[in-house]
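Asks: This is coords03.txt (compact mmCIF, C-alpha atoms and all ligand atoms).
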# COMPACT_ATOMS: atom_id res chain seq x y z
CA MET A 1 0.00 0.00 0.00
CA LEU A 2 2.75 2.43 1.05
CA ASP A 3 6.31 2.04 -0.11
CA VAL A 4 9.02 4.45 1.01
CA GLU A 5 12.29 3.70 -0.76
CA TYR A 6 15.73 5.01 0.11
CA ILE A 7 14.77 8.56 1.01
CA ASP A 8 17.07 11.33 2.22
CA VAL A 9 15.51 14.39 3.84
CA SER A 10 17.22 17.62 4.93
CA TYR A 11 16.20 20.88 6.59
CA ASN A 12 18.14 23.71 4.92
CA GLY A 13 21.05 21.47 4.12
CA ALA A 14 21.11 19.66 7.47
CA GLN A 15 20.35 16.04 6.64
CA VAL A 16 17.94 14.34 9.04
CA LEU A 17 16.89 11.13 7.22
CA PHE A 18 19.43 8.85 5.55
CA ASN A 19 18.41 6.26 2.98
CA VAL A 20 15.21 5.39 4.86
CA SER A 21 12.96 2.64 3.51
CA LEU A 22 9.68 1.47 5.00
CA PHE A 23 6.52 -0.20 3.75
CA VAL A 24 3.01 -0.70 5.07
CA GLU A 25 0.70 -3.33 3.65
CA LYS A 26 -3.05 -3.33 3.38
CA ASN A 27 -4.70 -3.82 6.79
CA GLU A 28 -1.32 -3.79 8.47
CA PHE A 29 -0.54 -1.95 11.71
CA VAL A 30 3.04 -0.68 11.70
CA THR A 31 4.80 1.13 14.55
CA LEU A 32 7.72 3.50 14.21
CA ILE A 33 9.84 4.01 17.32
CA GLY A 34 13.10 5.80 18.06
CA SER A 35 14.55 8.27 20.52
CA ASN A 36 13.83 12.01 20.48
CA GLY A 37 15.18 13.68 17.38
CA SER A 38 15.68 10.44 15.46
CA GLY A 39 13.48 11.71 12.61
CA LYS A 40 10.09 10.03 13.16
CA SER A 41 7.97 13.16 12.68
CA THR A 42 10.14 14.17 9.73
CA LEU A 43 9.41 10.83 8.09
CA LEU A 44 5.64 11.20 8.58
CA MET A 45 5.70 14.76 7.24
CA THR A 46 7.62 13.57 4.19
CA ILE A 47 5.09 10.81 3.53
CA SER A 48 2.29 13.40 3.87
CA GLY A 49 4.03 15.53 1.22
CA ILE A 50 4.77 18.47 3.51
CA LEU A 51 8.52 17.86 3.20
CA LYS A 52 10.19 16.69 -0.01
CA PRO A 53 13.00 14.12 -0.06
CA SER A 54 16.21 14.99 -1.90
CA LYS A 55 16.60 11.36 -2.89
CA GLY A 56 14.33 8.31 -3.08
CA THR A 57 10.68 7.67 -3.89
CA ILE A 58 7.37 7.28 -2.09
CA THR A 59 4.66 5.15 -3.65
CA PHE A 60 1.08 4.94 -2.40
CA LEU A 61 -1.48 2.57 -3.93
CA GLY A 62 0.89 1.94 -6.81
CA GLU A 63 1.25 5.63 -7.64
CA ASP A 64 4.41 7.69 -7.24
CA ILE A 65 3.46 10.46 -4.78
CA THR A 66 6.97 11.83 -4.16
CA GLU A 67 6.23 15.09 -5.99
CA LYS A 68 2.52 15.36 -5.13
CA SER A 69 1.07 18.11 -2.97
CA PRO A 70 -0.13 17.34 0.58
CA ARG A 71 -3.67 18.02 -0.61
CA ASP A 72 -3.51 15.50 -3.45
CA ILE A 73 -1.96 12.93 -1.13
CA CYS A 74 -4.76 13.52 1.37
CA ASN A 75 -7.31 13.10 -1.42
CA MET A 76 -5.85 9.68 -2.17
CA GLY A 77 -6.72 8.56 1.35
CA LEU A 78 -3.42 9.02 3.15
CA ILE A 79 -4.49 10.91 6.25
CA GLN A 80 -2.37 12.09 9.17
CA VAL A 81 -3.76 12.88 12.60
CA PRO A 82 -2.17 16.26 13.39
CA GLU A 83 0.13 16.53 16.38
CA GLY A 84 -1.07 18.15 19.56
CA ARG A 85 -4.74 17.33 19.01
CA LYS A 86 -5.44 20.35 16.84
CA ILE A 87 -9.18 20.40 17.43
CA PHE A 88 -11.38 23.49 17.33
CA PRO A 89 -12.08 24.26 21.01
CA PHE A 90 -15.09 26.54 20.49
CA MET A 91 -16.94 24.16 18.22
CA THR A 92 -18.91 21.15 19.39
CA VAL A 93 -17.61 17.61 19.17
CA LYS A 94 -20.00 16.88 16.32
CA GLU A 95 -19.00 20.00 14.37
CA ASN A 96 -15.34 19.05 14.73
CA LEU A 97 -16.08 15.60 13.35
CA GLU A 98 -18.09 16.96 10.44
CA LEU A 99 -15.15 19.16 9.48
CA GLY A 100 -13.10 16.01 9.00
CA ALA A 101 -15.34 14.97 6.11
CA TYR A 102 -14.26 17.88 3.92
CA LEU A 103 -13.28 15.86 0.89
CA PRO A 104 -16.18 15.40 -1.59
CA LYS A 105 -16.06 11.62 -1.39
CA ALA A 106 -16.05 11.69 2.39
CA ARG A 107 -18.88 14.24 2.50
CA GLU A 108 -21.19 11.86 0.66
CA GLN A 109 -20.68 9.30 3.41
CA LEU A 110 -20.75 11.69 6.34
CA ALA A 111 -23.67 10.07 8.20
CA LYS A 112 -22.22 6.59 7.91
CA SER A 113 -18.75 7.77 8.95
CA LEU A 114 -20.17 9.56 11.97
CA GLU A 115 -21.93 6.38 13.01
CA ASN A 116 -18.66 4.44 12.67
CA VAL A 117 -16.71 6.97 14.74
CA TYR A 118 -19.34 6.96 17.49
CA GLU A 119 -19.26 3.19 17.52
CA LEU A 120 -15.49 3.20 18.00
CA PHE A 121 -15.47 6.10 20.50
CA PRO A 122 -18.84 6.03 22.34
CA VAL A 123 -17.75 8.90 24.59
CA LEU A 124 -17.83 11.23 21.57
CA LYS A 125 -21.45 10.34 20.96
CA GLU A 126 -22.30 11.08 24.60
CA ARG A 127 -20.56 14.46 24.31
CA GLU A 128 -21.56 15.30 20.78
CA ARG A 129 -22.96 18.75 21.73
CA GLN A 130 -20.21 19.65 24.17
CA MET A 131 -17.57 22.24 23.24
CA ALA A 132 -14.48 20.34 22.15
CA GLY A 133 -12.21 22.50 24.31
CA THR A 134 -13.92 21.22 27.45
CA LEU A 135 -13.13 17.56 26.74
CA SER A 136 -10.47 15.77 28.78
CA GLY A 137 -7.08 15.12 27.19
CA GLY A 138 -7.92 11.53 26.33
CA GLU A 139 -11.29 12.53 24.90
CA GLN A 140 -9.68 15.25 22.77
CA GLN A 141 -7.27 12.73 21.38
CA GLN A 142 -10.15 10.43 20.48
CA LEU A 143 -11.80 13.39 18.78
CA ALA A 144 -8.65 14.13 16.77
CA ILE A 145 -8.50 10.52 15.59
CA GLY A 146 -12.26 10.47 14.98
CA ARG A 147 -11.97 13.56 12.83
CA ALA A 148 -9.22 11.95 10.74
CA LEU A 149 -11.43 8.88 10.32
CA MET A 150 -14.20 11.09 8.93
CA ALA A 151 -11.95 11.65 5.90
CA ARG A 152 -12.20 7.90 5.21
CA PRO A 153 -8.47 7.10 5.22
CA LYS A 154 -6.97 4.12 3.49
CA LEU A 155 -3.83 4.67 5.51
CA LEU A 156 -4.01 6.48 8.85
CA MET A 157 -0.80 8.00 10.24
CA LEU A 158 -0.56 9.10 13.87
CA ASP A 159 2.30 10.98 15.52
CA GLU A 160 2.40 10.19 19.22
CA PRO A 161 -1.35 10.22 19.83
CA THR A 162 -0.93 8.98 23.40
CA LEU A 163 1.44 11.71 24.58
CA GLY A 164 0.53 12.86 28.08
CA LEU A 165 -2.29 10.38 28.61
CA ALA A 166 -2.74 8.15 31.64
CA PRO A 167 -1.50 4.55 31.21
CA LYS A 168 -5.00 3.08 31.24
CA ILE A 169 -6.17 5.49 28.51
CA VAL A 170 -3.03 4.79 26.46
CA LYS A 171 -3.81 1.09 26.53
CA GLU A 172 -7.44 1.64 25.52
CA LEU A 173 -6.52 3.97 22.66
CA LEU A 174 -3.92 1.59 21.25
CA GLU A 175 -6.43 -1.27 21.42
CA LYS A 176 -8.82 0.88 19.36
CA LEU A 177 -6.14 1.39 16.72
CA LYS A 178 -5.83 -2.35 16.50
CA VAL A 179 -9.55 -2.56 15.73
CA LEU A 180 -9.11 0.03 12.97
CA LYS A 181 -6.73 -2.08 10.94
CA GLN A 182 -9.66 -4.26 9.88
CA ARG A 183 -10.72 -1.26 7.80
CA MET A 184 -7.43 0.48 6.91
CA SER A 185 -3.68 0.46 7.36
CA VAL A 186 -2.17 2.20 10.36
CA LEU A 187 1.27 3.80 10.77
CA LEU A 188 1.87 4.86 14.36
CA VAL A 189 4.73 6.86 15.85
CA SER A 190 4.88 6.16 19.54
CA GLN A 191 7.00 6.52 22.66
CA GLU A 192 4.83 3.90 24.35
CA VAL A 193 7.16 1.22 23.08
CA TYR A 194 5.93 -1.76 25.07
CA GLN A 195 2.21 -1.15 24.49
CA SER A 196 2.69 -0.27 20.82
CA LEU A 197 4.73 -3.35 20.11
CA ARG A 198 2.04 -5.45 21.75
CA VAL A 199 -0.76 -4.21 19.51
CA SER A 200 1.03 -3.72 16.18
CA ASP A 201 2.08 -6.19 13.50
CA ARG A 202 5.47 -4.82 12.56
CA THR A 203 7.89 -2.21 13.89
CA TYR A 204 10.69 -0.02 12.56
CA VAL A 205 13.35 1.46 14.82
CA LEU A 206 14.82 4.77 13.71
CA GLU A 207 18.12 6.04 15.17
CA ASN A 208 19.88 9.21 14.02
CA GLY A 209 17.79 9.25 10.86
CA ARG A 210 18.47 5.67 9.88
CA VAL A 211 16.38 2.50 10.15
CA VAL A 212 18.48 0.34 12.46
CA LEU A 213 16.01 -2.47 13.08
CA GLU A 214 12.81 -3.75 11.51
CA GLY A 215 10.67 -6.78 12.15
CA GLU A 216 7.59 -8.39 13.60
CA SER A 217 6.60 -6.49 16.73
CA LYS A 218 6.28 -9.69 18.75
CA LYS A 219 9.85 -10.63 17.90
CA LEU A 220 11.22 -7.16 18.69
CA LEU A 221 9.68 -7.40 22.15
CA GLU A 222 12.12 -10.25 22.77
CA GLU A 223 15.09 -8.43 21.23
CA GLU A 224 17.79 -7.64 23.79
CA SER A 225 18.70 -4.26 22.27
CA ILE A 226 15.04 -3.17 22.38
CA LYS A 227 14.63 -4.36 25.94
CA LYS A 228 17.69 -2.40 27.02
CA ALA A 229 17.13 0.80 25.05
CA TYR A 230 13.36 1.15 25.26
CA LEU A 231 11.82 -1.13 27.82
CA GLY A 232 14.22 -0.59 30.68
CA ILE A 233 14.62 -4.31 31.32
N1 LIG B 301 11.85 22.61 10.83
C1 LIG B 301 13.05 22.13 11.16
N2 LIG B 301 14.19 22.78 10.84
C2 LIG B 301 15.39 22.30 11.15
N3 LIG B 301 15.59 21.14 11.79
C3 LIG B 301 14.51 20.45 12.15
C4 LIG B 301 13.18 20.88 11.85
N4 LIG B 301 12.30 19.98 12.33
C5 LIG B 301 13.04 19.02 12.90
N5 LIG B 301 14.37 19.29 12.79
C6 LIG B 301 15.46 18.44 13.31
O1 LIG B 301 15.39 17.17 12.70
C7 LIG B 301 15.71 16.13 13.62
C8 LIG B 301 14.57 15.11 13.65
O2 LIG B 301 13.42 15.73 14.21
P1 LIG B 301 12.03 14.98 14.30
O3 LIG B 301 11.05 15.95 14.80
O4 LIG B 301 11.75 14.33 13.00
O5 LIG B 301 12.36 13.86 15.38
P2 LIG B 301 11.37 12.90 16.17
O6 LIG B 301 11.94 11.53 16.04
O7 LIG B 301 9.98 13.10 15.75
O8 LIG B 301 11.60 13.39 17.66
P3 LIG B 301 10.55 13.41 18.93
O9 LIG B 301 10.50 12.02 19.46
O10 LIG B 301 11.21 14.33 19.88
O11 LIG B 301 9.23 13.90 18.42
C9 LIG B 301 15.97 16.82 14.95
O12 LIG B 301 17.34 16.94 15.11
C10 LIG B 301 15.33 18.18 14.79
O13 LIG B 301 16.00 19.15 15.53
MG MG B 302 8.24 13.80 16.70
Would you mind giving the structure from this file in structure tokens?
Ligand SMILES: Nc1ncnc2c1ncn2[C@@H]1O[C@H](COP(=O)(O)OP(=O)(O)OP(=O)(O)O)[C@@H](O)[C@H]1O
Ligand SMILES: [Mg+2]
Replies:
Amino acid sequence: MLDVEYIDVSYNGAQVLFNVSLFVEKNEFVTLIGSNGSGKSTLLMTISGILKPSKGTITFLGEDITEKSPRDICNMGLIQVPEGRKIFPFMTVKENLELGAYLPKAREQLAKSLENVYELFPVLKERERQMAGTLSGGEQQQLAIGRALMARPKLLMLDEPTLGLAPKIVKELLEKLKVLKQRMSVLLVSQEVYQSLRVSDRTYVLENGRVVLEGESKKLLEEESIKKAYLGI
């Protein structure tokens, strides 16, 4: 579904990603981990088309999207949940969700999508008329994901959606992402290494802008280097 091949990415001449390759298959849940500054967000922004690689190609659904605009990439069904829960605080939960269905194709299916989001996140249904800014942190994060789902993604990308949430909420949210992969592919950037590896199919480890390890999440959980560097055991 998504194929990133040998990309280099720089900010004003300072190279941040080196020869990075990664793929995500249909209905696959892939996690991307790595320490602060290793280039995870940069990689997601490059896939979204916001940053352009100086070398390499990105293919989505068999089409070369390396030179496409973020808008065109979005239209193809590659949707990223923005960082920091960028919801509209003075609009209701329902209005925020409706805004997610801005693409013509998604608009046609708005009612059905809304039903699906409410099924996945019942709390949003309960609070549908509440101002989004008054939701708790965990609820706001569900709203941000729900809004991305309204765009009917084929591949959903999330950059640290569990940041700052209580452990119990983190676990619940990651379990929900696992449910989503029945309907789409998921690419998750996460600092919750243990929990993310438990729910995902495959994982990439990024260090200093390079993929240093890749494999089945279950196997990486057993890997000594992962245990030492990320799990504190
Ligand atoms: N707009 C920018 N201009 C210049 N350098 C940048 C810019 N954005 C990020 N960088 C640098 O690129 C490197 C990778 O940053 P990136 O945000 O991709 O890392 P990350 O893995 O997402 O880190 P974190 O876990 O802290 O979110 C860092 O050294 C960062 O300082
Ligand atoms: Mg980041």
Asks: If I take CA of Leu32 in chain A and CA of Lys55 in chain A, how far is one from the other in Å, to one decimal?
Replies: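 That distance, rounded to one decimal, is 20.8 Å.
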Asks: Please give me, as a list in words, the residues lying within 6 Å of ligand LIG 301 (chain B) when counting only C-alpha atoms and all ligand atoms.
Replies: Tyr11, Val16, Ser35, Asn36, Gly37, Ser38, Gly39, Lys40, Ser41 and Thr42 of chain A
Asks: For range 97-105 of chain A, work out the shell of residues within 8 Å, counting only C-alpha atoms and skipping chain neighbours fewer than 5 positions away, then give it as an MDAnalysis selection string.
Replies: chainID A and resid 75 110 114 143 146:152
Asks: Could you check which of A:Glu214, A:Ala111, A:Val93, A:Met184 is closest to Val123 in chain A, using all atoms listed in the file?
Replies: A:Val93
Asks: Please identify all polymer residues within 8 Å of Glu216 in chain A, counting all atoms listed in the file, omitting same-chain residues fewer than 5 positions from it, and present them as a list in words.
Replies: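 Near neighbours after the sequence-gap exclusion: Asp201, Arg202 and Thr203 of chain A.
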Asks: Restricting the output to C-alpha atoms, write the selected residues as a PDB file, in the frame of the given file.
Replies:
ATOM      1  CA  ASP A 201       2.080  -6.190  13.500  1.00  0.00           C
ATOM      2  CA  ARG A 202       5.470  -4.820  12.560  1.00  0.00           C
ATOM      3  CA  THR A 203       7.890  -2.210  13.890  1.00  0.00           C
TER       4      THR A 203
END
Asks: With distances taken over only C-alpha atoms, which residue among A:Pro89, A:Pro122, A:Gly13, A:Pro167 lies nearest Gln140 in chain A?
Replies: A:Pro89
Asks: Just to confirm, what's the straight-line distance from CA of Leu173 in chain A to CA of Asp72 in chain A in Å (one decimal)?
Replies: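 These atoms are spaced 28.7 Å apart.
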Asks: Please compute the CA of Gln80 in chain A-CA of Ser217 in chain A distance, one decimal, in Å.
Replies: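 If I compute the distance from CA of Gln80 in chain A to CA of Ser217 in chain A, I get 22.0 Å.
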Asks: Looking at A:Leu17, A:Leu44, A:Val81, A:Ala132, which one is nearest to Gly56 in chain A, with distances taken over only C-alpha atoms?
Replies: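 Once distances to Gly56 in chain A are computed over only C-alpha atoms, the minimum belongs to A:Leu17.
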Asks: For a quick check of understanding, using only C-alpha atoms and all ligand atoms, which of A:Ser190, A:Gln141, A:Ser225, A:Asn27 has the smallest distance to ligand MG 302 (chain B)?
Replies: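 Among A:Ser190, A:Gln141, A:Ser225, A:Asn27, it is A:Ser190 that comes nearest to ligand MG 302 (chain B).
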Asks: From the list A:Ile87, A:Leu2, A:Leu187, A:Leu165, which residue is nearest Gly62 in chain A when using all atoms listed in the file?
Replies: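 Comparing A:Ile87, A:Leu2, A:Leu187, A:Leu165 against Gly62 in chain A, the winner is A:Leu2.
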Asks: Have a look at A:Phe23, A:Asn208, A:Thr31, A:Glu126 and name the one nearest to Leu174 in chain A; count all atoms listed in the file.
Replies: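 Once distances to Leu174 in chain A are computed over all atoms listed in the file, the minimum belongs to A:Thr31.
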Asks: Output as JSON the centre and edge lengths (Å, one decimal) of the box along x, y and z of the file that holds every listed atom of range 218-222 of chain A after adding 8 Å on each side.
Replies:
{"center_x": 9.2, "center_y": -8.9, "center_z": 20.3, "size_x": 21.8, "size_y": 19.5, "size_z": 20.9}
Asks: Report as a short mmCIF file (atom, residue, chain, number, x, y, z; two decimals) with C-alpha atoms, in the coordinates of the input all protein, DNA and RNA residues lying within 9 Å of Leu188 in chain A, evaluated on all atoms listed in the file, omitting residues in the same chain fewer than 4 positions from it.
Replies:
data_model
loop_
_atom_site.label_atom_id
_atom_site.label_comp_id
_atom_site.auth_asym_id
_atom_site.auth_seq_id
_atom_site.Cartn_x
_atom_site.Cartn_y
_atom_site.Cartn_z
CA PHE A 29 -0.54 -1.95 11.71
CA VAL A 30 3.04 -0.68 11.70
CA THR A 31 4.80 1.13 14.55
CA LEU A 32 7.72 3.50 14.21
CA ILE A 33 9.84 4.01 17.32
CA LEU A 156 -4.01 6.48 8.85
CA MET A 157 -0.80 8.00 10.24
CA LEU A 158 -0.56 9.10 13.87
CA ASP A 159 2.30 10.98 15.52
CA GLU A 160 2.40 10.19 19.22
CA PRO A 161 -1.35 10.22 19.83
CA SER A 196 2.69 -0.27 20.82
CA SER A 200 1.03 -3.72 16.18
#
Asks: Which residues come within 7 Å of Phe60 in chain A, counting all atoms listed in the file, excluding same-chain residues fewer than 5 positions away, as a PDB file with C-alpha atoms, in the coordinates of the input?
Replies:
ATOM      1  CA  MET A   1       0.000   0.000   0.000  1.00  0.00           C
ATOM      2  CA  LEU A   2       2.750   2.430   1.050  1.00  0.00           C
ATOM      3  CA  ASP A   3       6.310   2.040  -0.110  1.00  0.00           C
ATOM      4  CA  ILE A  65       3.460  10.460  -4.780  1.00  0.00           C
TER       5      ILE A  65
END
Asks: Quick one: everything within 10 Å of Val20 in chain A, counting only C-alpha atoms, minus sequence neighbours fewer than 4 positions away in the same chain. Send it as a list in words.
Replies: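 Final neighbour list, sorted by chain and number: Val4, Glu5, Tyr6, Ile7, Asp8, Val9, Leu43, Lys55, Gly56, Leu206, Gly209, Arg210, Val211 and Val212 of chain A.
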